[in-house]
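One file, upload_25.csv, carrying CSV, C-alpha atoms:
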```
chain,number,residue,atom,x,y,z
A,1,MET,CA,-9.8,-2.5,16.3
A,2,ARG,CA,-12.2,-0.2,14.6
A,3,ARG,CA,-12.3,-0.4,10.8
A,4,GLY,CA,-11.0,2.8,9.2
A,5,ALA,CA,-9.7,4.3,12.5
A,6,PRO,CA,-6.0,5.4,12.4
A,7,GLN,CA,-3.8,3.1,14.3
A,8,ASP,CA,-0.2,3.4,15.5
A,9,LEU,CA,2.3,0.7,14.6
A,10,GLU,CA,4.0,-0.7,17.7
A,11,LEU,CA,6.7,-3.2,18.2
A,12,VAL,CA,5.2,-6.6,19.1
A,13,GLY,CA,7.0,-9.4,20.9
A,14,PRO,CA,7.5,-11.0,24.3
A,15,GLY,CA,8.2,-8.2,26.7
A,16,ALA,CA,8.9,-5.6,24.0
A,17,PRO,CA,7.8,-2.0,24.8
A,18,GLY,CA,5.4,-0.4,22.4
A,19,ARG,CA,7.2,2.2,20.2
A,20,GLY,CA,5.0,4.0,17.7
A,21,SER,CA,6.5,4.5,14.2
A,22,ARG,CA,4.1,7.3,13.1
A,23,GLY,CA,6.2,10.3,12.1
A,24,ALA,CA,9.3,8.3,11.3
A,25,PRO,CA,11.4,9.9,8.5
A,26,PRO,CA,11.1,8.2,5.1
A,27,PRO,CA,14.1,6.2,4.0
A,28,SER,CA,16.7,8.2,2.1
A,29,GLY,CA,19.2,6.9,-0.3
A,30,PRO,CA,19.0,3.5,-2.0
A,31,VAL,CA,15.9,1.6,-1.0
A,32,VAL,CA,16.3,-2.1,-0.2
A,33,PRO,CA,13.5,-4.4,-1.4
A,34,VAL,CA,11.8,-6.2,1.5
A,35,LEU,CA,11.3,-9.8,0.4
A,36,VAL,CA,8.9,-11.7,2.7
A,37,PHE,CA,6.8,-14.9,2.3
A,38,PRO,CA,3.9,-15.2,2.5
A,39,PRO,CA,2.8,-11.8,1.4
A,40,ASP,CA,-0.3,-11.9,3.6
A,41,LEU,CA,-1.0,-13.7,6.9
A,42,VAL,CA,-4.1,-15.8,7.3
A,43,PHE,CA,-4.7,-17.4,10.8
A,44,ARG,CA,-7.2,-20.2,11.4
A,45,ALA,CA,-9.0,-20.2,14.7
A,46,ASP,CA,-9.2,-24.0,14.6
A,47,GLN,CA,-5.5,-24.8,14.2
A,48,ARG,CA,-4.5,-27.6,16.5
A,49,SER,CA,-1.3,-25.9,17.8
A,50,GLY,CA,-3.0,-22.5,18.0
A,51,PRO,CA,-3.3,-19.8,15.3
A,52,ARG,CA,0.2,-19.1,14.1
A,53,GLN,CA,2.1,-18.4,10.9
A,54,LEU,CA,5.7,-18.6,9.8
A,55,LEU,CA,7.0,-15.4,8.1
A,56,THR,CA,10.3,-15.7,6.1
A,57,LEU,CA,12.4,-12.6,5.6
A,58,TYR,CA,15.1,-12.4,2.9
A,59,ASN,CA,18.2,-10.1,2.8
A,60,PRO,CA,19.4,-9.9,-0.8
A,61,THR,CA,22.1,-7.4,0.0
A,62,GLY,CA,25.8,-7.9,0.8
A,63,THR,CA,25.6,-6.4,4.3
A,64,ALA,CA,23.8,-7.3,7.5
A,65,LEU,CA,20.5,-5.5,8.0
A,66,ARG,CA,18.6,-4.8,11.2
A,67,PHE,CA,14.9,-5.7,11.2
A,68,ARG,CA,11.9,-5.1,13.4
A,69,VAL,CA,8.3,-6.1,13.3
A,70,LEU,CA,5.5,-3.6,14.0
A,71,CYS,CA,1.8,-4.1,14.3
A,72,THR,CA,-1.4,-2.1,14.6
A,73,ALA,CA,-2.8,-4.5,17.2
A,74,PRO,CA,0.2,-5.7,19.4
A,75,ALA,CA,-2.1,-7.0,22.1
A,76,LYS,CA,-3.5,-9.7,19.8
A,77,TYR,CA,-0.2,-11.2,18.6
A,78,THR,CA,3.1,-12.5,19.9
A,79,VAL,CA,6.1,-12.3,17.6
A,80,PHE,CA,9.1,-14.4,18.5
A,81,ASP,CA,12.3,-12.4,17.6
A,82,ALA,CA,10.4,-9.2,16.8
A,83,GLU,CA,13.7,-7.5,16.1
A,84,GLY,CA,17.1,-8.6,15.2
A,85,TYR,CA,19.6,-8.9,12.3
A,86,VAL,CA,19.5,-10.7,9.0
A,87,LYS,CA,22.8,-11.9,7.7
A,88,PRO,CA,23.8,-10.8,4.1
A,89,GLN,CA,22.3,-12.9,1.3
A,90,SER,CA,20.5,-15.0,3.9
A,91,CYS,CA,17.0,-15.3,5.4
A,92,ILE,CA,15.4,-15.7,8.8
A,93,ASP,CA,12.1,-17.2,9.9
A,94,ILE,CA,9.8,-15.2,12.2
A,95,VAL,CA,7.0,-17.0,14.1
A,96,ILE,CA,3.9,-15.0,14.7
A,97,ARG,CA,1.2,-16.3,17.0
A,98,HIS,CA,-2.4,-15.0,17.4
A,99,VAL,CA,-3.1,-15.0,21.1
A,100,ALA,CA,-6.7,-13.8,21.0
A,101,PRO,CA,-8.7,-16.1,18.6
A,102,ILE,CA,-12.1,-15.0,19.8
A,103,PRO,CA,-15.2,-14.5,17.6
A,104,SER,CA,-15.1,-10.7,17.8
A,105,HIS,CA,-11.7,-10.8,16.1
A,106,TYR,CA,-12.8,-13.0,13.2
A,107,ASP,CA,-12.3,-11.4,9.7
A,108,VAL,CA,-10.8,-8.2,11.3
A,109,GLN,CA,-7.8,-7.0,9.3
A,110,ASP,CA,-4.7,-6.0,11.1
A,111,ARG,CA,-1.5,-4.7,9.6
A,112,PHE,CA,2.1,-5.7,10.2
A,113,ARG,CA,5.1,-3.7,9.0
A,114,ILE,CA,8.6,-5.0,8.4
A,115,GLU,CA,11.3,-2.4,8.7
A,116,LEU,CA,14.9,-2.8,7.6
A,117,SER,CA,17.6,-0.5,8.7
A,118,GLU,CA,21.3,-0.2,8.5
A,119,GLU,CA,23.3,-2.1,11.1
A,120,GLY,CA,23.6,-0.1,14.4
A,121,ALA,CA,21.3,1.4,17.0
A,122,GLU,CA,20.7,4.6,15.0
A,123,GLY,CA,20.8,3.1,11.5
A,124,ARG,CA,18.6,4.8,8.9
A,125,VAL,CA,15.6,2.9,7.6
A,126,VAL,CA,16.4,1.5,4.1
A,127,GLY,CA,13.2,-0.5,3.4
A,128,ARG,CA,9.8,-1.2,4.8
A,129,LYS,CA,6.8,-3.4,3.7
A,130,ASP,CA,3.3,-3.7,5.1
A,131,ILE,CA,1.4,-7.0,5.1
A,132,THR,CA,-2.2,-7.6,6.2
A,133,SER,CA,-3.3,-10.2,8.8
A,134,VAL,CA,-6.7,-11.7,9.3
A,135,LEU,CA,-8.1,-14.4,11.6
A,136,ARG,CA,-10.6,-16.8,9.9
A,137,ALA,CA,-13.4,-18.5,11.8
A,138,PRO,CA,-13.3,-22.3,12.3
A,139,ALA,CA,-14.6,-24.4,9.4
A,140,TYR,CA,-16.9,-26.1,11.8
A,141,PRO,CA,-18.5,-24.9,15.0
A,142,LEU,CA,-16.2,-25.4,18.0
A,143,GLU,CA,-18.9,-27.3,20.0
A,144,LEU,CA,-18.9,-29.9,17.2
A,145,GLN,CA,-15.2,-30.4,17.0
A,146,GLY,CA,-13.8,-33.5,18.8
A,147,GLN,CA,-17.2,-35.3,18.9
A,148,PRO,CA,-17.5,-38.7,17.2
A,149,GLU,CA,-19.4,-38.7,13.9
A,150,PRO,CA,-22.9,-40.0,14.1
A,151,THR,CA,-23.5,-43.6,13.1
A,152,PRO,CA,-25.2,-43.6,9.7
A,153,GLN,CA,-28.7,-45.1,9.6
A,154,PRO,CA,-29.3,-48.0,7.4
A,155,GLY,CA,-31.1,-47.0,4.2
A,156,PRO,CA,-31.3,-47.9,0.5
A,157,PRO,CA,-27.9,-48.5,-1.1
A,158,ALA,CA,-26.5,-45.4,-2.8
A,159,TRP,CA,-26.0,-45.7,-6.5
A,160,THR,CA,-22.3,-46.3,-7.4
A,161,PRO,CA,-21.1,-45.4,-10.8
A,162,PRO,CA,-19.3,-48.1,-12.8
A,163,PRO,CA,-15.5,-48.3,-12.6
A,164,SER,CA,-15.1,-46.6,-16.0
A,165,ALA,CA,-17.2,-43.6,-15.0
A,166,ARG,CA,-15.3,-43.2,-11.7
A,167,HIS,CA,-12.0,-43.3,-13.7
A,168,PHE,CA,-13.4,-40.7,-16.1
A,169,GLN,CA,-14.3,-38.4,-13.2
A,170,GLU,CA,-11.1,-38.8,-11.2
A,171,SER,CA,-8.5,-38.8,-14.0
A,172,PRO,CA,-8.7,-35.0,-14.9
A,173,HIS,CA,-8.0,-34.1,-11.2
A,174,GLN,CA,-5.2,-36.6,-11.0
A,175,GLN,CA,-3.6,-35.4,-14.3
A,176,LEU,CA,-3.8,-31.8,-13.1
A,177,ALA,CA,-2.2,-32.6,-9.7
A,178,THR,CA,0.5,-34.7,-11.5
A,179,SER,CA,1.3,-31.9,-14.0
A,180,SER,CA,1.5,-29.3,-11.2
A,181,PHE,CA,3.9,-31.5,-9.2
A,182,VAL,CA,6.1,-32.1,-12.2
A,183,LEU,CA,6.2,-28.3,-12.9
A,184,PHE,CA,7.1,-27.5,-9.3
A,185,LEU,CA,9.7,-30.3,-9.4
A,186,LEU,CA,11.4,-29.0,-12.6
A,187,THR,CA,11.4,-25.4,-11.2
A,188,GLY,CA,13.1,-26.6,-8.0
A,189,ILE,CA,15.7,-28.6,-10.0
A,190,ILE,CA,16.5,-25.5,-12.1
A,191,SER,CA,16.8,-23.3,-9.0
A,192,VAL,CA,19.2,-25.8,-7.4
A,193,ALA,CA,21.2,-25.9,-10.6
A,194,PHE,CA,21.5,-22.1,-10.6
A,195,LEU,CA,22.7,-22.2,-7.0
A,196,LEU,CA,25.4,-24.8,-7.8
A,197,LEU,CA,26.8,-22.9,-10.8
A,198,PRO,CA,29.9,-20.6,-10.2
A,199,LEU,CA,29.7,-16.8,-10.1
A,200,GLN,CA,30.7,-14.7,-13.1
A,201,ASP,CA,33.8,-13.3,-11.4
A,202,GLU,CA,34.8,-16.7,-9.8
A,203,SER,CA,38.2,-17.9,-11.1
A,204,GLY,CA,39.5,-21.4,-11.3
A,205,SER,CA,36.3,-23.0,-12.5
A,206,GLN,CA,36.5,-25.6,-15.2
A,207,LEU,CA,33.0,-24.8,-16.5
A,208,PRO,CA,32.8,-22.5,-19.6
A,209,GLN,CA,32.0,-18.8,-19.0
A,210,VAL,CA,28.5,-19.1,-20.5
A,211,LEU,CA,27.6,-21.3,-17.5
A,212,HIS,CA,28.7,-18.7,-14.9
A,213,VAL,CA,25.8,-16.8,-13.3
A,214,SER,CA,25.4,-13.5,-11.5
A,215,LEU,CA,24.8,-12.9,-7.8
A,216,GLY,CA,21.3,-11.6,-8.6
A,217,GLN,CA,20.4,-14.7,-10.5
A,218,LYS,CA,21.4,-16.8,-7.5
A,219,LEU,CA,19.3,-14.7,-5.2
A,220,VAL,CA,16.3,-15.1,-7.4
A,221,ALA,CA,16.8,-18.9,-7.5
A,222,ALA,CA,17.1,-19.0,-3.7
A,223,TYR,CA,13.9,-17.0,-3.4
A,224,VAL,CA,12.0,-19.3,-5.8
A,225,LEU,CA,13.3,-22.3,-4.0
A,226,GLY,CA,12.1,-20.9,-0.7
A,227,LEU,CA,8.6,-20.4,-2.2
A,228,LEU,CA,8.5,-23.9,-3.5
A,229,THR,CA,9.6,-25.3,-0.1
A,230,MET,CA,6.7,-23.4,1.6
A,231,VAL,CA,4.3,-24.8,-1.0
A,232,PHE,CA,5.4,-28.4,-0.4
A,233,LEU,CA,5.5,-28.1,3.4
A,234,ARG,CA,2.1,-26.2,3.8
A,235,PRO,CA,-0.5,-28.6,5.1
```
Structure re-expressed in structure tokens:
Amino acid sequence: MRRGAPQDLELVGPGAPGRGSRGAPPPSGPVVPVLVFPPDLVFRADQRSGPRQLLTLYNPTGTALRFRVLCTAPAKYTVFDAEGYVKPQSCIDIVIRHVAPIPSHYDVQDRFRIELSEEGAEGRVVGRKDITSVLRAPAYPLELQGQPEPTPQPGPPAWTPPPSARHFQESPHQQLATSSFVLFLLTGIISVAFLLLPLQDESGSQLPQVLHVSLGQKLVAAYVLGLLTMVFLRP
């Protein structure tokens, strides 16, 4: 892909025909926010299972929405379930695999577009979002990967700091990691608590009205909980 050259967005997926989206009419009426995570895709050429990413799409509305995934370079990617439906107030995971991890594609930015439309074959587009994609080179040369590390030659013993010095050097990093983990854990507990609380218009609950939450607050809590899940599960 030439940098700066205009590119058509085409549907990308196993056996999906290319359909350009240039010239598509802009969405009319209420616009639905397109909530996706992560906001940008970064592929690594040295991933063991191949360069791939998991894209999570959220539907905060009360109706099912049709989605499709478009790309400026469909020959370089395979998208499983490139189009389909997202249930109301739910989410779906889209697996995107880079099928051409060659050096000429390193650090070249491509663009994906997520389009949401009303349910039905001719439903109008109610939301769209563009995300960038880039393939990063391996951290180490490919010819060096998989080879055993060379045996170190005997030499003068390296100076080792005393235990007190090592503790002083490591403790700030350990404290920072512990504080971040505690913060993420508390945020996750609060999000789960919001999801368990009853809605404002729900009747028959024994909890006081001040503990009833709105549907929007529950959607935000579910979105935050999804972000925290991706943070903990990311290698």
Practice item. Go through A:Gln200, A:Asp40, A:Gly226, A:Pro208 and flag the residue nearest Thr187 in chain A, using all atoms listed in the file for the distances. Key: A:Gly226
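Residues in contact with Glu83 in chain A at 7 Å, where all atoms listed in the file are counted and same-chain residues fewer than 3 positions away are skipped, are listed as Phe67, Arg68 and Val69 of chain A.
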Kindly save the residues from that selection, with C-alpha atoms included, as a compact mmCIF listing (two decimals), keeping the file's coordinate frame.
```
# COMPACT_ATOMS: atom_id res chain seq x y z
CA PHE A 67 14.90 -5.70 11.20
CA ARG A 68 11.90 -5.10 13.40
CA VAL A 69 8.30 -6.10 13.30
```
**Study point:** Proximity to Pro103 in chain A - best of A:Val79, A:Leu116, A:Ala45, A:Val86, only C-alpha atoms
**Key:**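 So, comparing all the options, the nearest one is A:Ala45.
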Revision key, fill the gap. Counting only C-alpha atoms, closest pick from A:Ala82, A:Ala100, A:Val134, A:Pro60 relative to Ala221 in chain A is A:Pro60
Review point. Pick from A:Val213, A:Leu186, A:Ile96, A:Val220: nearest to Pro198 in chain A, with only C-alpha atoms counted?
Key: A:Val213
**Study point:** Protein and nucleic acid residues near (22.0, -1.4, 17.2) (cut-off 12 Å, all atoms listed in the file) as JSON, numbers by chain
**Key:** {"A": [64, 65, 66, 67, 68, 83, 84, 85, 117, 118, 119, 120, 121, 122, 123, 124]}
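For the point (-5.6, -14.6, 19.3), the residues with at least one atom inside 7 Å, counting all atoms listed in the file, are A:Pro51, A:Lys76, A:Tyr77, A:His98, A:Val99, A:Ala100, A:Pro101, A:Ile102.
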Export, as a PDB file, in the frame of the given file, the selected residues with C-alpha atoms.
```pdb
ATOM      1  CA  PRO A  51      -3.300 -19.800  15.300  1.00  0.00           C
ATOM      2  CA  LYS A  76      -3.500  -9.700  19.800  1.00  0.00           C
ATOM      3  CA  TYR A  77      -0.200 -11.200  18.600  1.00  0.00           C
ATOM      4  CA  HIS A  98      -2.400 -15.000  17.400  1.00  0.00           C
ATOM      5  CA  VAL A  99      -3.100 -15.000  21.100  1.00  0.00           C
ATOM      6  CA  ALA A 100      -6.700 -13.800  21.000  1.00  0.00           C
ATOM      7  CA  PRO A 101      -8.700 -16.100  18.600  1.00  0.00           C
ATOM      8  CA  ILE A 102     -12.100 -15.000  19.800  1.00  0.00           C
TER       9      ILE A 102
END
```
**Study point:** Computed interatomic separation between CA of Lys129 in chain A and CA of Ala73 in chain A (Å)
**Key:**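 Interatomic distance here is 16.6 Å.
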**Study point:** Computed interatomic separation between CA of Val42 in chain A and CA of Tyr223 in chain A (Å)
**Key:** 21.0 Å
Revision key, fill the gap. CA of Asp46 in chain A sits from CA of Arg136 in chain A at a separation of 8.7 Å
Revision key, fill the gap. Restricting to all atoms listed in the file, whichever of A:Ala137, A:Leu228, A:Leu219, A:Leu199 is closest to Pro38 in chain A is A:Leu228
Point to revise | Which residue of A:Thr56, A:Gln109, A:Val224, A:Leu135 approaches Val95 in chain A most closely, using all atoms listed in the file | key: A:Thr56
Check your understanding: Near Asp201 in chain A, within 12 Å and counting all atoms listed in the file, which residues show up once chain neighbours fewer than 2 positions away are dropped, as a list in words?
Key -> Leu197, Pro198, Leu199, Ser203, Gly204, Ser205, Gln209, Leu211, His212, Val213, Ser214 and Leu215 of chain A
